[in-house]
6 protein chains.
Amino acid sequence: MLKNNTENFIACECSPSDADIIIFGAPFDGTTSFRPGTRFGPRAIRSESFGLETYSPYLDADLSDVRAADCGDIDLPFGNPDRALDIIEEFAGEIFSMGKIPYMLGGEHLASVGMFRAAIKRFPNIRILHFDAHADLRREYLGERLSHACAMRLCHDLTGDGKIFQFGIRSGDRDEFEFARGHTTMRKFSLEGIDEALMEISRNPVYLSVDLDVLDPSEFPGTGTPEAGGVSFDELRKALSKVCLNANVVALDAMELSPHYDLSGISTAAAGKIVRETLLALSIGKSKIKTSVKK
Amino acid sequence: MLKNNTENFIACECSPSDADIIIFGAPFDGTTSFRPGTRFGPRAIRSESFGLETYSPYLDADLSDVRAADCGDIDLPFGNPDRALDIIEEFAGEIFSMGKIPYMLGGEHLASVGMFRAAIKRFPNIRILHFDAHADLRREYLGERLSHACAMRLCHDLTGDGKIFQFGIRSGDRDEFEFARGHTTMRKFSLEGIDEALMEISRNPVYLSVDLDVLDPSEFPGTGTPEAGGVSFDELRKALSKVCLNANVVALDAMELSPHYDLSGISTAAAGKIVRETLLALSIGKSKIKTSVKK
Amino acid sequence: MLKNNTENFIACECSPSDADIIIFGAPFDGTTSFRPGTRFGPRAIRSESFGLETYSPYLDADLSDVRAADCGDIDLPFGNPDRALDIIEEFAGEIFSMGKIPYMLGGEHLASVGMFRAAIKRFPNIRILHFDAHADLRREYLGERLSHACAMRLCHDLTGDGKIFQFGIRSGDRDEFEFARGHTTMRKFSLEGIDEALMEISRNPVYLSVDLDVLDPSEFPGTGTPEAGGVSFDELRKALSKVCLNANVVALDAMELSPHYDLSGISTAAAGKIVRETLLALSIGKSKIKTSVKK
Amino acid sequence: MLKNNTENFIACECSPSDADIIIFGAPFDGTTSFRPGTRFGPRAIRSESFGLETYSPYLDADLSDVRAADCGDIDLPFGNPDRALDIIEEFAGEIFSMGKIPYMLGGEHLASVGMFRAAIKRFPNIRILHFDAHADLRREYLGERLSHACAMRLCHDLTGDGKIFQFGIRSGDRDEFEFARGHTTMRKFSLEGIDEALMEISRNPVYLSVDLDVLDPSEFPGTGTPEAGGVSFDELRKALSKVCLNANVVALDAMELSPHYDLSGISTAAAGKIVRETLLALSIGKSKIKTSVKK
Amino acid sequence: MLKNNTENFIACECSPSDADIIIFGAPFDGTTSFRPGTRFGPRAIRSESFGLETYSPYLDADLSDVRAADCGDIDLPFGNPDRALDIIEEFAGEIFSMGKIPYMLGGEHLASVGMFRAAIKRFPNIRILHFDAHADLRREYLGERLSHACAMRLCHDLTGDGKIFQFGIRSGDRDEFEFARGHTTMRKFSLEGIDEALMEISRNPVYLSVDLDVLDPSEFPGTGTPEAGGVSFDELRKALSKVCLNANVVALDAMELSPHYDLSGISTAAAGKIVRETLLALSIGKSKIKTSVKK
Amino acid sequence: MLKNNTENFIACECSPSDADIIIFGAPFDGTTSFRPGTRFGPRAIRSESFGLETYSPYLDADLSDVRAADCGDIDLPFGNPDRALDIIEEFAGEIFSMGKIPYMLGGEHLASVGMFRAAIKRFPNIRILHFDAHADLRREYLGERLSHACAMRLCHDLTGDGKIFQFGIRSGDRDEFEFARGHTTMRKFSLEGIDEALMEISRNPVYLSVDLDVLDPSEFPGTGTPEAGGVSFDELRKALSKVCLNANVVALDAMELSPHYDLSGISTAAAGKIVRETLLALSIGKSKIKTSVKK
């Protein structure tokens with residue numbers, strides 16, 4: 001029987017209504033200040049995911065046991081970040097209203113603000129775990145508030161102090177680092193402090209936001225603003241697995257892959273592997289939660 | 001309403017059962033002798049087709065008026081050309097049995113043999129119009145008969161003499177050119193002679209086989225074996241439109257895009273535009289035929 | 001004597017106040033719908049211009065005899081096309097108020113709208129000569145009016161019918177081509193008709209807008225949306241020289257180089273050569289005008 | 001005196017009859033499932049080896065003291081893995097029959113099966129030390145047994161249980177990891193356990209098979225299926241030197257460089273350095289063995 | 001029987017002593033002013049020649065009938081153009097003294113001066129046919145006389161006026177074009193005038209010097225200084241074949257391929273095809289000469 | 001007010017006369033033996049520096065507080081290393097005579113010899129801290145003394161024994177390593193021993209020479225001769241900061257970025273970050289020195 005072509009992240013073949021996790025792409029890079037191109041990120045992750053195995057020897061788990069759907073890239077207008085954020089917020093809101101976990105593939109980091117606005121409406125006591133090379137805490141950038149460089153600052157406007165935990169940060173202007181001292185919990189340069197953070201937020205719903213440029217540029221060259229001195233893939237994989245296994249993650253994203261800047265494809269392959277590992281850990285973590293709830 | 005992600009050549013969104021033309025990819029490059037990579041061709045054409053318009057100012061026609069479906073890439077085994085051809089033959093056969101026109105995106109040229117085997121079963125008096133830089137008339141290549149360099153020779157085994165018309169040929173060994181003199185109708189270097197060929201085959205069903213490397217490498221660098229001195233995009237576009245408008249094309253293919261060898265993407269864009277123009281011309285041509293049949 | 005580093009298009013070393021022509025870059029690509037990256041265009045043209053000679057054997061003229069200044073790239077906000085256009089308009093307006101000719105290097109084609117707004121204020125009976133692969137006549141694109149796909153339509157809003165002459169157009173949707181029939185003078189596919197247009201506008205000031213993707217992708221692969229079937233470099237060079245030599249060009253631009261998509265650098269080299277030839281032709285043309293005025 | 005051009009891995013200029021070690025290339029990638037191109041690996045290693053020094057400061061030894069010959073790439077048919085393996089087996093067999101050590105440069109990992117068939121005929125109690133990101137233990141892949149994903153499984157068919165030692169494995173399907181538990185000695189993720197393995201096989205002839213993708217993609221991006229989270233060059237260099245210095249290596253290979261996926265050339269440079277270090281260590285190790293035999 | 005690896009331009013497998021034509025590479029780019037890298041040209045042509053057929057359908061001739069040897073790249077010092085030219089002169093002189101035709105693959109155009117010095121010693125009434133985008137007639141460049149930009153001027157120092165015929169020239173400074181008017185026969189922009197030149201030099205030995213950048217950058221992007229507006233491959237092929245068939249070519253070169261600037265490989269493929277066609281035409285031409293001498 | 005375009009390393013906008021540190025580029029790669037292209041290094045560092053922040057979270061300092069000027073690239077002849085070194089020596093000498101610190105961006109390492117000749121004239125008891133993958137201690141290379149492979153040997157000719165401290169060295173021929181034992185202080189493979197060296201030279205002026213290929217190729221692929229097994233960015237950053245903070249650095253350089261070999265741009269980004277961190281550390285270090293002098 002001939003069928004229309006479907007394309008999804010490997011093994012995420014559930015129908016949306018049957019899925020626990022809904023993957024979608026937010027192909028937006030309209031405020032990127034240095035090198036644009038993250039709009040091609042989600043398609044690349046999806047398309048290259050077929051070079052991955054569905055099985056993880058790290059977690060001894062297989063994507064074929066995860067109920068995830070891939071709804072593809074949403075249509076976003078070019079040159080209008082305001083409207084783009086609204087569309088993302090609405091799309092994520094629809095996923096939340098179905099009781100499912102949205103997994104957004106970026107796209108630039110500003111897109112996270114759209115999904116976070118939907119999340120905090122539904123989960124008012126939500127916390128953000130933020131992995132990034134850049135602080136993203138600018139008040140404005142070249143006169144614009146809706147900028148990728150302001151993403152976490154815009155989230156902070158919604159959360160207030162003490163709700164955002166930042167890891168791996170190694171770039172920003174002086175004001176951002178000063179702002180962090182009073183308003184967020186920032187770990188510079190490394191991913192240390194995850195355990196403390198997890199302890200602190202053990203009763204909160206969590207938005208897990210991963211700017212993949214937290215990785216060292218040697219492992220993740222395909223991004224707009226490579227920052228030397230990042231964390232290794234294994235460090236990131238372990239940290240994210242820990243979060244997904246142990247925290248109550250209600251929404252997550254993996255942002256800032258710009259595949260055209262990495263002709264070798266290793267960035268896309270690394271991104272895909274992060275998506276696989278987080279999907280698996282999330283699925284294992286949720287079943288633990290359900291189990292403990294049942295008891 | 002959330003939906004699973006579908007991906008198709010732009011505007012080819014019919015269900016297979018409603019479509020007149022069925023696009024599918026044959027991601028096979030297992031006998032490529034120089035630079036492999038055409039397996040990525042059909043995905044690239046599909047994915048980059050969104051940089052095209054659906055409307056053609058050449059034909060004043062729009063893809064939204066064509067009934068075409070895109071069934072994606074079929075699964076083909078690696079390292080077993082024999083079985084790959086069987087699978088392609090079977091898949092194309094299914095399309096023929098539905099009374100539709102298959103449009104195969106390659107993949108290496110050997111794949112055409114699989115689809116042609118299905119075609120000639122159904123249309124015994126079929127003719128081949130073959131556009132290519134290479135004669136593809138070798139008896140064998142490094143001891144193998146199932147080789148891209150033998151594609152037209154293998155078809156000739158099925159058709160017998162005088163049924164294959166070759167255009168744009170500018171490479172081959174001495175034997176191939178000698179073979180052509182007795183057995184096919186070959187036009188070297190250019191696309192001249194199309195009109196005569198169309199006249200000669202006006203009552204025959206036609207298999208239109210396009211190795212895109214017939215284009216000059218300047219316009220189509222993304223291929224395994226670039227051959228300087230090819231035809232221009234406009235020459236090819238015009239010739240193929242003429243064929244599709246005037247001949248009774250029952251099956252067609254566009255082969256040998258190897259996108260990784262062209263980082264600029266112009267090869268993929270050219271391929272996509274050829275697909276669009278042939279889809280439109282085919283659709284216009286068919287409606288003319290139907291009309292004339294009705295009268 | 002040590003000096004701070006200056007960087008300009010080759011031989012354009014006048015101070016702005018001494019110059020007849022003022023080059024500047026508009027590094028904006030915020031509404032690009034397919035592949036972004038034209039923001040890097042002006043820097044690339046400037047930087048690679050040192051691979052060019054200052055002398056043109058076509059015009060037997062040398063840039064060292066042209067009085068041009070290069071003011072570098074202007075600062076434009078990311079993600080706010082509205083404000084970007086205002087800044088461009090203001091910057092170009094300043095050049096007009098000094099009685100000089102602005103030469104804008106793009107950046108995406110929408111930027112032309114900013115400079116054209118400044119131009120029509122000062123030259124109300126201005127005409128546009130537009131070279132492009134794309135009609136750019138959309139009313140809106142994904143709901144946005146400020147889009148590169150609407151650039152000429154936005155100019156038409158200011159000029160009214162019959163003031164825009166389009167050459168080389170080979171892409172657009174059906175509505176754009178229909179719009180052109182009633183409202184602009186469009187030559188499809190080729191640059192024919194230049195002489196008639198020049199005759200018709202011989203008494204008007206002219207805005208010369210060149211989307212470099214009018215060139216064939218083989219000669220200009222480094223652009224966002226390559227469209228097969230374009231004009232050759234020599235065809236474009238001759239047409240633009242004719243315009244610059246014979247029309248009263250009061251402002252001009254060369255847009256849509258996206259250098260990261262052409263690793264060979266031939267697109268940037270071609271763009272630079274177009275800039276050199278137009279600068280020279282403009283300079284020769286102006287001296288002819290001055291001479292004829294004097295008599 | 002003019003001479004025909006010879007080309008060899010740097011300083012491996014012995015005639016084959018005088019050499020202890022015979023390098024040859026197996027340019028075969030016909031069953032590669034994701035990104036082909038390893039056929040270009042051996043030529044790249046040879047050609048780029050002239051960017052290396054012949055001297056190793058790690059081993060304080062110089063290639064000019066090693067007696068090695070480079071016989072170039074052997075001719076292999078495209079699309080026929082069966083016959084390709086036969087040709088490789090025969091070629092390696094000829095080297096064994098001359099009492100020399102073959103050093104095969106790949107090419108995809110399936111080629112190792114050909115050489116291993118020759119090796120086990122001559123050295124029935126041979127053991128395999130296998131460095132790889134992938135387990136290569138599939139029973140079949142898309143219905144084919146002769147697949148790169150089955151390479152070690154095919155070797156296991158010949159050796160039986162307990163003869164294969166695998167290091168650095170971080171990818172495979174669930175079945176492969178289960179198979180490994182009963183049938184091979186597998187170290188996941190790292191190269192630990194080398195010393196124990198060397199102890200265990202101290203009396204056995206050894207086939208050393210290195211899939212270079214065991215390296216982290218950051219150091220070795222030029223391969224078909226990059227797997228994030230690999231070992232470092234120095235870890236691999238040390239482990240392989242230890243093996244070559246201490247085990248009775250009778251045949252070895254370095255596989256899966258796909259140079260076109262790494263435009264920076266660092267993968268090829270790393271591969272070449274691995275070849276140099278193993279040649280040197282092998283040579284030092286053999287002289288130790290000979291010395292101890294003499295006593 | 002195992003053999004050391006030889007590598008040659010396809011089918012040029014004669015021993016040097018049996019050959020009529022001796023190919024060698026001059027991997028020198030030490031005075032390149034814009035983008036270096038032609039040192040990799042000869043290796044690339046040799047290595048990629050295996051993507052070509054040995055048979056030419058243009059000339060109906062096969063390289064297997066030509067007696068040519070490939071002696072590989074000669075060793076040239078880096079940073080010392082003076083000594084490099086001496087080495088090239090000596091090497092070419094040795095070929096002349098064997099009564100054979102040297103065919104040098106560049107490398108930058110300055111290398112031609114070395115071979116030409118050897119040629120004019122042996123053939124004092126020699127003429128130069130020079131195909132190039134650039135005039136190469138500078139007296140000096142940044143204070144240096146030994147510069148690629150001076151190559152033909154340095155040859156002119158040896159020949160005097162009227163002995164150099166230049167074709168396709170489209171770049172240079174004003175002085176070069178003025179110099180040409182009095183001292184060489186220059187055809188700008190195109191290859192017209194070949195027939196007249198061949199008539200004029202019908203009794204002279206000819207040095208045929210081809211800077212491959214005479215080709216349009218669309219067909220030959222892989223060069224140091226791409227100049228838009230060049231000739232097509234077919235135009236160049238025809239012109240060079242005419243020269244090789246009809247003139248008494250005693251030495252020839254094909255220069256300025258810089259393969260790293262063309263990742264698609266079409267430049268190298270075009271260069272190789274030019275080498276094949278000139279080898280064949282030369283061989284046919286020589287046999288005609290011999291025949292006519294015999295009669 | 002319109003101004004001519006200036007271009008500088010980010011935030012280094014002082015006039016030369018006001019600056020403490022003078023940046024300039026030495027775009028010379030004329031003796032590079034493997035892959036040329038470092039001539040493009042300084043422009044790339046300057047141009048891509050705008051992707052960096054001016055603030056360093058490592059040093060809690062901002063470039064806006066450093067008084068540095070960028071004088072751009074100096075004009076150097078192609079093909080004449082002798083004269084190039086003289087020009088560099090003279091330029092650096094002028095900076096020394098103004099009492100400022102020159103910071104040279106390479107270009108190949110041989111350029112350091114020119115600046116060092118100026119430095120030792122002014123600071124006879126100067127010491128060299130040399131970070132590199134390569135020993136650069138050859139007596140000559142292919143017969144030439146002025147070669148990048150001889151850079152430190154040429155410096156040693158001027159300093160005599162015991163004045164050069166080398167770190168990270170992992171490549172060279174046997175003679176170089178032997179020479180090092182008697183004449184320099186060499187640390188192989190790592191950056192250990194910095195503290196001892198700093199202690200030993202605490203009273204000497206220091207020339208800090210950084211061949212950026214000391215970095216691992218995974219973090220710095222964009223260089224002529226990548227050597228696997230290098231140090232990490234963080235290791236280098238820390239070591240250089242320590243030197244700049246604590247030693248009396250009177251001149252420094254950052255050499256051997258070859259940006260065309262790294263299309264991802266991570267090498268240029270890493271180089272720029274090294275420049276930022278050393279500028280900042282130098283500035284902090286100098287103010288400490290001044291302070292202590294004042295007391």
# chains A, B, ... in the order shown; residues from 1 in each chain; ligands from 1

$ residues_around --residues "C:Phe179" --least-positions-apart "2" --cutoff "10 Å" --atoms "only C-alpha atoms" --output "PDB file with N, CA and C atoms, in the first residue's frame"
ATOM      1  N   ALA C 135      10.506  38.267  -8.842  1.00  0.00           N
ATOM      2  CA  ALA C 135       9.689  39.438  -9.104  1.00  0.00           C
ATOM      3  C   ALA C 135       9.601  40.372  -7.893  1.00  0.00           C
ATOM      4  N   LEU C 137       7.230  40.972  -5.938  1.00  0.00           N
ATOM      5  CA  LEU C 137       6.008  41.769  -6.049  1.00  0.00           C
ATOM      6  C   LEU C 137       4.880  41.236  -5.162  1.00  0.00           C
ATOM      7  N   ARG C 138       5.255  40.403  -4.200  1.00  0.00           N
ATOM      8  CA  ARG C 138       4.204  39.868  -3.342  1.00  0.00           C
ATOM      9  C   ARG C 138       3.576  40.984  -2.504  1.00  0.00           C
ATOM     10  N   ARG C 139       2.293  40.831  -2.255  1.00  0.00           N
ATOM     11  CA  ARG C 139       1.576  41.756  -1.360  1.00  0.00           C
ATOM     12  C   ARG C 139       2.019  41.524   0.083  1.00  0.00           C
ATOM     13  N   ARG C 153       7.136  45.497  -4.608  1.00  0.00           N
ATOM     14  CA  ARG C 153       5.744  45.876  -4.370  1.00  0.00           C
ATOM     15  C   ARG C 153       5.667  47.066  -3.424  1.00  0.00           C
ATOM     16  N   ARG C 174       2.031  33.107  -9.136  1.00  0.00           N
ATOM     17  CA  ARG C 174       1.185  33.515 -10.265  1.00  0.00           C
ATOM     18  C   ARG C 174       0.699  34.964 -10.107  1.00  0.00           C
ATOM     19  N   ASP C 175       0.364  35.312  -8.875  1.00  0.00           N
ATOM     20  CA  ASP C 175      -0.146  36.672  -8.640  1.00  0.00           C
ATOM     21  C   ASP C 175       0.882  37.741  -8.978  1.00  0.00           C
ATOM     22  N   GLU C 176       2.125  37.462  -8.677  1.00  0.00           N
ATOM     23  CA  GLU C 176       3.149  38.467  -8.949  1.00  0.00           C
ATOM     24  C   GLU C 176       3.255  38.738 -10.452  1.00  0.00           C
ATOM     25  N   PHE C 177       3.229  37.676 -11.224  1.00  0.00           N
ATOM     26  CA  PHE C 177       3.340  37.882 -12.672  1.00  0.00           C
ATOM     27  C   PHE C 177       2.092  38.582 -13.214  1.00  0.00           C
ATOM     28  N   ARG C 181       1.867  42.520 -15.003  1.00  0.00           N
ATOM     29  CA  ARG C 181       1.259  42.876 -16.296  1.00  0.00           C
ATOM     30  C   ARG C 181       0.578  44.230 -16.248  1.00  0.00           C
ATOM     31  N   GLY C 182      -0.054  44.556 -15.131  1.00  0.00           N
ATOM     32  CA  GLY C 182      -0.762  45.824 -15.067  1.00  0.00           C
ATOM     33  C   GLY C 182       0.063  46.980 -14.510  1.00  0.00           C
ATOM     34  N   HIS C 183       1.169  46.669 -13.812  1.00  0.00           N
ATOM     35  CA  HIS C 183       1.726  47.730 -12.977  1.00  0.00           C
ATOM     36  C   HIS C 183       3.205  48.025 -13.181  1.00  0.00           C
ATOM     37  N   THR C 184       3.949  47.043 -13.658  1.00  0.00           N
ATOM     38  CA  THR C 184       5.365  47.313 -13.916  1.00  0.00           C
ATOM     39  C   THR C 184       5.675  46.911 -15.354  1.00  0.00           C
TER      40      THR C 184
END

$ interface_residues --of "chain D" --to "chain B" --cutoff "10 Å" --atoms "only C-alpha atoms" --output "PyMOL selection string"
chain D and resi 29-40+75-83+141-148+260-261

$ write_last_selection --atoms "N, CA, C and O atoms" --output "CSV table (one decimal), in the first residue's frame"
chain,number,residue,atom,x,y,z
D,29,ASP,N,33.5,0.6,-0.1
D,29,ASP,CA,32.5,1.1,0.9
D,29,ASP,C,31.1,0.8,0.4
D,29,ASP,O,30.1,1.5,0.7
D,30,GLY,N,31.0,-0.4,-0.2
D,30,GLY,CA,29.7,-0.8,-0.9
D,30,GLY,C,28.6,-1.1,0.0
D,30,GLY,O,27.5,-1.2,-0.4
D,31,THR,N,28.8,-1.4,1.3
D,31,THR,CA,27.7,-1.8,2.2
D,31,THR,C,27.5,-0.7,3.3
D,31,THR,O,26.6,-0.9,4.1
D,32,THR,N,28.2,0.4,3.2
D,32,THR,CA,28.1,1.5,4.1
D,32,THR,C,26.6,1.9,4.1
D,32,THR,O,26.0,2.2,3.1
D,33,SER,N,26.1,2.0,5.4
D,33,SER,CA,24.6,2.3,5.4
D,33,SER,C,24.3,3.8,5.5
D,33,SER,O,23.2,4.2,5.1
D,34,PHE,N,25.2,4.6,6.1
D,34,PHE,CA,24.8,6.0,6.2
D,34,PHE,C,25.5,6.9,5.2
D,34,PHE,O,24.9,7.2,4.2
D,35,ARG,N,26.7,7.3,5.4
D,35,ARG,CA,27.4,8.1,4.5
D,35,ARG,C,28.6,7.4,3.9
D,35,ARG,O,29.6,7.1,4.6
D,36,PRO,N,28.6,7.1,2.6
D,36,PRO,CA,29.7,6.4,2.0
D,36,PRO,C,30.9,7.4,1.7
D,36,PRO,O,30.8,8.6,2.0
D,37,GLY,N,32.0,6.8,1.3
D,37,GLY,CA,33.1,7.6,1.0
D,37,GLY,C,34.4,7.1,1.5
D,37,GLY,O,35.5,7.7,1.3
D,38,THR,N,34.4,6.0,2.3
D,38,THR,CA,35.7,5.5,2.8
D,38,THR,C,36.6,5.0,1.7
D,38,THR,O,37.8,4.7,2.0
D,39,ARG,N,36.1,4.8,0.5
D,39,ARG,CA,36.9,4.3,-0.6
D,39,ARG,C,38.1,5.3,-0.8
D,39,ARG,O,39.1,4.9,-1.4
D,40,PHE,N,37.9,6.6,-0.4
D,40,PHE,CA,38.9,7.6,-0.6
D,40,PHE,C,39.9,7.6,0.5
D,40,PHE,O,40.8,8.4,0.5
D,75,ASP,N,42.4,-3.3,-6.7
D,75,ASP,CA,41.2,-3.1,-7.5
D,75,ASP,C,40.0,-3.9,-6.9
D,75,ASP,O,40.2,-5.2,-6.9
D,76,LEU,N,39.0,-3.3,-6.6
D,76,LEU,CA,37.8,-4.0,-6.0
D,76,LEU,C,36.6,-3.7,-6.8
D,76,LEU,O,36.4,-2.5,-7.2
D,77,PRO,N,35.7,-4.6,-7.1
D,77,PRO,CA,34.5,-4.4,-7.8
D,77,PRO,C,33.5,-3.6,-7.0
D,77,PRO,O,33.5,-3.7,-5.8
D,78,PHE,N,32.7,-2.7,-7.7
D,78,PHE,CA,31.7,-2.0,-7.0
D,78,PHE,C,30.4,-2.8,-7.0
D,78,PHE,O,30.0,-3.4,-8.0
D,79,GLY,N,29.8,-2.8,-5.9
D,79,GLY,CA,28.5,-3.4,-5.8
D,79,GLY,C,28.5,-5.0,-5.6
D,79,GLY,O,27.5,-5.6,-5.7
D,80,ASN,N,29.7,-5.5,-5.3
D,80,ASN,CA,29.7,-7.0,-5.1
D,80,ASN,C,30.6,-7.3,-3.9
D,80,ASN,O,31.8,-7.6,-4.1
D,81,PRO,N,30.1,-7.2,-2.7
D,81,PRO,CA,30.9,-7.4,-1.5
D,81,PRO,C,31.5,-8.8,-1.5
D,81,PRO,O,32.6,-8.9,-0.9
D,82,ASP,N,30.8,-9.7,-2.0
D,82,ASP,CA,31.2,-11.1,-2.0
D,82,ASP,C,32.6,-11.2,-2.7
D,82,ASP,O,33.6,-11.7,-2.1
D,83,ARG,N,32.6,-10.7,-3.9
D,83,ARG,CA,33.8,-10.8,-4.7
D,83,ARG,C,34.9,-9.9,-4.1
D,83,ARG,O,36.1,-10.3,-4.1
D,141,TYR,N,21.9,-7.0,8.2
D,141,TYR,CA,21.5,-5.6,8.2
D,141,TYR,C,20.6,-5.4,6.9
D,141,TYR,O,21.1,-5.6,5.8
D,142,LEU,N,19.4,-5.0,7.1
D,142,LEU,CA,18.4,-4.9,6.0
D,142,LEU,C,18.5,-6.2,5.1
D,142,LEU,O,18.4,-6.1,3.9
D,143,GLY,N,18.6,-7.3,5.8
D,143,GLY,CA,18.6,-8.5,5.0
D,143,GLY,C,19.9,-9.0,4.5
D,143,GLY,O,19.9,-10.1,3.9
D,144,GLU,N,20.9,-8.3,4.7
D,144,GLU,CA,22.2,-8.7,4.1
D,144,GLU,C,23.2,-9.1,5.2
D,144,GLU,O,23.3,-8.4,6.2
D,145,ARG,N,23.9,-10.2,5.0
D,145,ARG,CA,24.9,-10.6,6.0
D,145,ARG,C,26.2,-9.9,5.7
D,145,ARG,O,26.9,-9.7,6.6
D,146,LEU,N,26.5,-9.7,4.5
D,146,LEU,CA,27.8,-9.0,4.1
D,146,LEU,C,27.6,-7.5,4.3
D,146,LEU,O,27.4,-6.8,3.3
D,147,SER,N,27.6,-7.0,5.5
D,147,SER,CA,27.4,-5.6,5.8
D,147,SER,C,28.5,-5.2,6.8
D,147,SER,O,28.9,-5.9,7.7
D,148,HIS,N,28.9,-3.9,6.7
D,148,HIS,CA,29.9,-3.4,7.6
D,148,HIS,C,29.3,-3.5,9.1
D,148,HIS,O,30.1,-3.6,10.0
D,260,HIS,N,36.2,13.0,2.6
D,260,HIS,CA,35.4,14.1,2.1
D,260,HIS,C,34.5,14.7,3.1
D,260,HIS,O,34.0,15.8,2.9
D,261,TYR,N,34.3,14.1,4.2
D,261,TYR,CA,33.5,14.6,5.2
D,261,TYR,C,34.3,15.5,6.2
D,261,TYR,O,33.7,16.0,7.2

$ residues_around --residues "F:Arg203" --least-positions-apart "2" --cutoff "10 Å" --atoms "only C-alpha atoms" --output "PyMOL selection string"
chain F and resi 125-127+198-201+205-206+247-248

$ residues_around --residues "A:Gly168" --least-positions-apart "5" --cutoff "12 Å" --atoms "only C-alpha atoms" --output "PyMOL selection string"
(chain A and resi 129-135+185-194+210-216+227-232+235-236+239) or (chain F and resi 57)

$ atom_distance --atom1 "atom CA of E:Ala111" --atom2 "atom CA of C:Ser49"
25.9 Å

$ atom_distance --atom1 "atom CA of E:Arg67" --atom2 "atom CA of D:Asn4"
13.1 Å

$ residues_around --residues "D:Glu53" --least-positions-apart "4" --cutoff "7 Å" --atoms "only C-alpha atoms" --output "ChimeraX atom specification"
/F:171-173

$ write_last_selection --atoms "C-alpha atoms" --output "short mmCIF file (atom, residue, chain, number, x, y, z; two decimals), in the first residue's frame"
data_model
loop_
_atom_site.label_atom_id
_atom_site.label_comp_id
_atom_site.auth_asym_id
_atom_site.auth_seq_id
_atom_site.Cartn_x
_atom_site.Cartn_y
_atom_site.Cartn_z
CA SER F 171 56.46 17.12 16.27
CA GLY F 172 59.83 17.52 14.63
CA ASP F 173 62.62 15.46 13.23
#

$ select_by_dssp --residues "stretch 71-124 of chain C" --states "alpha helix (DSSP H)" --output "list in words"
Pro81, Asp82, Arg83, Ala84, Leu85, Asp86, Ile87, Ile88, Glu89, Glu90, Phe91, Ala92, Gly93, Glu94, Ile95, Phe96, Ser97, Ala111, Ser112, Val113, Gly114, Met115, Phe116, Arg117, Ala118, Ala119, Ile120, Lys121 and Arg122 of chain C

$ residues_around --residues "stretch 282-287 of chain B" --least-positions-apart "4" --cutoff "12 Å" --atoms "only C-alpha atoms" --output "PyMOL selection string"
chain B and resi 19-21+59-68+100-103+206+208+240-252+274-278+291-294
